[in-house]
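Taking it in order: structure first as structure tokens, then the write-up.
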Amino acid sequence: MSVLPESKRFVIVGAGMHGLSTAWHLAMELERRGQGSGKDIVVLDKTGPGAGATGIACGCVRNLYMTKELHPILRHSVDVWQSDPIRFGFQQVGYISAGEANQQADYELMVESHNACGYRSDLYVGQEAKSFLKSIWPDFNTDRIEVAHFEHPSGYAGTRQAVAGLAEKCAQHGVEILAGIEVTGYDLAGRTIRKLHTNLGDISAEAVVLSVGAWMGKHWDLLGLSEELECRYPDGGSVTKDMWTYWRLLEGEMYIDRPYRTADDRDPPVLHVELMNTPVINETTGEEMSDHLYVYWKNAAERMESIGLQGGTIPIKIGNAATLDPYGHANDEYQADSWFADYFVSAMGYLMPRFKGHRSKFKDRRNGGIGAFTPDNVPIFDWVLDNAYMVADSNHGFKMIGAGKLVAKVLAGENRVAELEPFAFTRFAGGKTFGSSNSHCPWV
Ligand SMILES: Cc1cc2nc3c(=O)[nH]c(=O)nc-3n(C[C@H](O)[C@H](O)[C@H](O)COP(=O)(O)OP(=O)(O)OC[C@H]3O[C@@H](n4cnc5c(N)ncnc54)[C@H](O)[C@@H]3O)c2cc1C
């Protein structure tokens, strides 16, 4: 049974990717500066480490973002993944994305920005793109593909391994992680949290980190913050939006008979294909399932008991309210739809004929998970009260293990952490809301 201390200098709420990474890095930051240690930090989780999205993520680590401000966050993140790839289960296989000609200009800008921040990434256009893909997967159907890009530092990680690795590093630095402690409310004095109410009593803190993933909207309410937000854009426009919007993810796994390897017998890069003008045809019925194709996959690593692939497609918007508990695979409302299996295997079979006829090999199991998205679908890393820092990744941040490293600097008192500035909460009021992008997916 966890025992709740009466107070701690830093209370971190939520033991997912961000809570754990922030705690570990903050402990190191305090030690390095001679300002304290991990003993000044407690992480509270209502269930336990990895009980939220972090424990069920696909584990893809990529820098495929048209929002160039995210690129340095991923640069730091890969440094952290690579600091202990074995403990975090990080496979640096690279990440390849491919698209049609309408995405070429976006890819050019993205690749330029990647390389400018030290994230090695190559661009292939036209015939070169087709040849590049076929050099890795000889049966790749490149008919519709006009652009491809290869991120060398990216890859994928095992979610259970990452959680265990982070929890271990927290423990090594003296950070206490308390499971089964639910924060139920906040005692506020103006814009300061005086105490956190929990199921085991109250705890006070100098600083609180809110890293509660999909539950962020609930805590936003508990803090009495506004459900809507006026978002001002660089062009002078302004739109009032829900502060939090829930989306549910569509992911799954498929068994395979032969190992999935590259032409030169390696674990392939994660593959991500968005063909905005190419339909997905159900390979069993011949019916059009969608007028565009969006799919990603990789070796399934820790998800399967025999060889297989894991991947997904574009998430589905739920709205400004969702059933948060039970979470993930345990939630009946948000299981991946039955059509997803048809879509996933049909899209894969279209792209690589080796996967044709694999519908019966789709792994039939519970598979769901929701996330809370910010008004512009881009993370918010900022103080939202005088002593409450929010790490809200807009549900695409398993890969962002390095965000906690940067947040730790802020918590330790550093005046400016330039990489985090674009993600300030004040961007919405200040006319720096991020805009829309050339994709059917909210995460670019
Ligand atoms: C199915 C799925 C697949 C995904 N795939 C990828 C991917 O391939 N790559 C990628 O980069 N991202 C992916 N994501 C997104 C990524 O998993 C999340 O963005 C990230 O894990 C969020 O981490 P977090 O620490 O913010 O939150 P979480 O991991 O959700 O952790 C929040 C924690 O807060 C705790 N908590 C909540 N309320 C309270 C309370 N009142 N008191 C105490 N504790 C509380 C919860 O128990 C939970 O453990 C995926 C998400 C889903 C759902």
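Ligands are numbered from 1 in the order shown, chains are lettered A, B, ... in the order of the structure tokens, and residues start at 1 in each chain.
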
Using DSSP secondary structure from the backbone, list all strand (DSSP E) positions within region 191-407 of chain A, as a ChimeraX atom specification. /A:192-198,201-210,228-232,238-242,245-248,251-255,270-275,280-281,288-290,293-299,308-312,316-319,370-373,380-385,388-392

Cut-off 6 Å, only C-alpha atoms and all ligand atoms, neighbours of ligand 1 as a PyMOL selection string: chain A and resi 13-19+44-54+56-61+181-184+211-215+249+368-371+392-393+395-399

Hey, which of A:Ala336, A:Ala157, A:Leu200, A:Ile380 ends up closest to Pro422 (chain A)? Count only C-alpha atoms.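 For Pro422 (chain A), the nearest of the candidates is A:Ile380.
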
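The two atoms in question, CA of Trp443 (chain A) and CA of Ser394 (chain A), are spaced 8.7 Å apart.
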
Expressed in Å to a single decimal, how great is the separation between CA of Asn277 (chain A) and CA of Asp291 (chain A)?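 Separation between CA of Asn277 (chain A) and CA of Asp291 (chain A): 6.7 Å.
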
Would you mind telling me which residue in A:Trp247, A:Tyr107, A:Tyr350, A:Phe423 lies nearest to Phe373 (chain A) when using only C-alpha atoms? A:Trp247

Give me the residues near region 101-105 of chain A as a ChimeraX atom specification, where near means some atom within 8 Å (using only C-alpha atoms) and where sequence neighbours in that chain fewer than 3 positions away do not count. /A:108-109,125,145-147,438

Would you save the residues of that selection, restricted to N, CA and C atoms, as a PDB file, in the first residue's frame?
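And here's result-v4.pdb as it stands now:
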ATOM      1  N   GLU A 108       9.746  18.511 -48.951  1.00  0.00           N
ATOM      2  CA  GLU A 108      10.992  19.259 -49.163  1.00  0.00           C
ATOM      3  C   GLU A 108      11.279  20.155 -47.958  1.00  0.00           C
ATOM      4  N   LEU A 109      10.244  20.857 -47.509  1.00  0.00           N
ATOM      5  CA  LEU A 109      10.423  21.752 -46.356  1.00  0.00           C
ATOM      6  C   LEU A 109      10.792  20.957 -45.108  1.00  0.00           C
ATOM      7  N   VAL A 125      12.466  11.698 -54.953  1.00  0.00           N
ATOM      8  CA  VAL A 125      11.325  12.188 -55.735  1.00  0.00           C
ATOM      9  C   VAL A 125      11.224  11.412 -57.051  1.00  0.00           C
ATOM     10  N   ILE A 145       3.198   6.327 -56.142  1.00  0.00           N
ATOM     11  CA  ILE A 145       4.118   7.041 -55.255  1.00  0.00           C
ATOM     12  C   ILE A 145       5.063   7.947 -56.032  1.00  0.00           C
ATOM     13  N   GLU A 146       5.138   9.187 -55.577  1.00  0.00           N
ATOM     14  CA  GLU A 146       5.996  10.162 -56.256  1.00  0.00           C
ATOM     15  C   GLU A 146       7.029  10.765 -55.325  1.00  0.00           C
ATOM     16  N   VAL A 147       6.874  10.538 -54.023  1.00  0.00           N
ATOM     17  CA  VAL A 147       7.825  11.139 -53.093  1.00  0.00           C
ATOM     18  C   VAL A 147       8.008  10.196 -51.905  1.00  0.00           C
ATOM     19  N   ASN A 438      -1.544  19.707 -44.795  1.00  0.00           N
ATOM     20  CA  ASN A 438      -1.945  18.998 -45.995  1.00  0.00           C
ATOM     21  C   ASN A 438      -1.970  17.491 -45.731  1.00  0.00           C
TER      22      ASN A 438
END

Which residues, written as number ranges by chain, have at least one atom at most 10 Å from region 405-410 of chain A, with only C-alpha atoms counted and residues fewer than 4 positions away on the same chain left out? A: 18, 21-30, 73, 76-77, 80, 209, 381-383, 389-391, 400-401, 414-420

Can I get the residues of region 229-306 of chain A within 6 Å of region 359-366 of chain A, each with the closest pair of atoms and their distance in Å to one decimal, using only C-alpha atoms, sorted chain first then ascending number, as a tab-separated table?
residue	atom	partner	partner_atom	distance
A:Glu253	CA	A:Lys363	CA	5.4
A:Met254	CA	A:Phe362	CA	4.2
A:Tyr255	CA	A:Lys361	CA	5.1

Write out as a list in words which residues come within 10 Å of Asp267 (chain A) when counting only C-alpha atoms, dropping same-chain ones fewer than 3 positions away. Gln91, Gln92, Val93, Gly94, Pro259, Tyr260, Arg261, Thr262, Ala263, Asp264, Val270, Lys298 and Asn299 of chain A

For each of A:Phe428, A:Cys170, A:Tyr186, A:Asn282, take the minimum atom-to-atom distance to Gly201 (chain A), counting only C-alpha atoms, then give the residue where this is smallest.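 Selected residue with least distance to Gly201 (chain A): A:Tyr186.
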
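Shortest atom-to-atom contact with Ser306 (chain A) among A:Phe355, A:Ile256, A:Gly435, A:Asp332: A:Ile256, counting only C-alpha atoms.
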
Which is closer to Leu351 (chain A) than all the others in A:Leu250, A:Val273, A:Ile203, A:Val78, using only C-alpha atoms? A:Val273

For Gly431 (chain A), which residue out of A:Asn367, A:Gln335, A:Ser238, A:Gln161 is the nearest one, using only C-alpha atoms?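 Nearest to Gly431 (chain A): A:Ser238.
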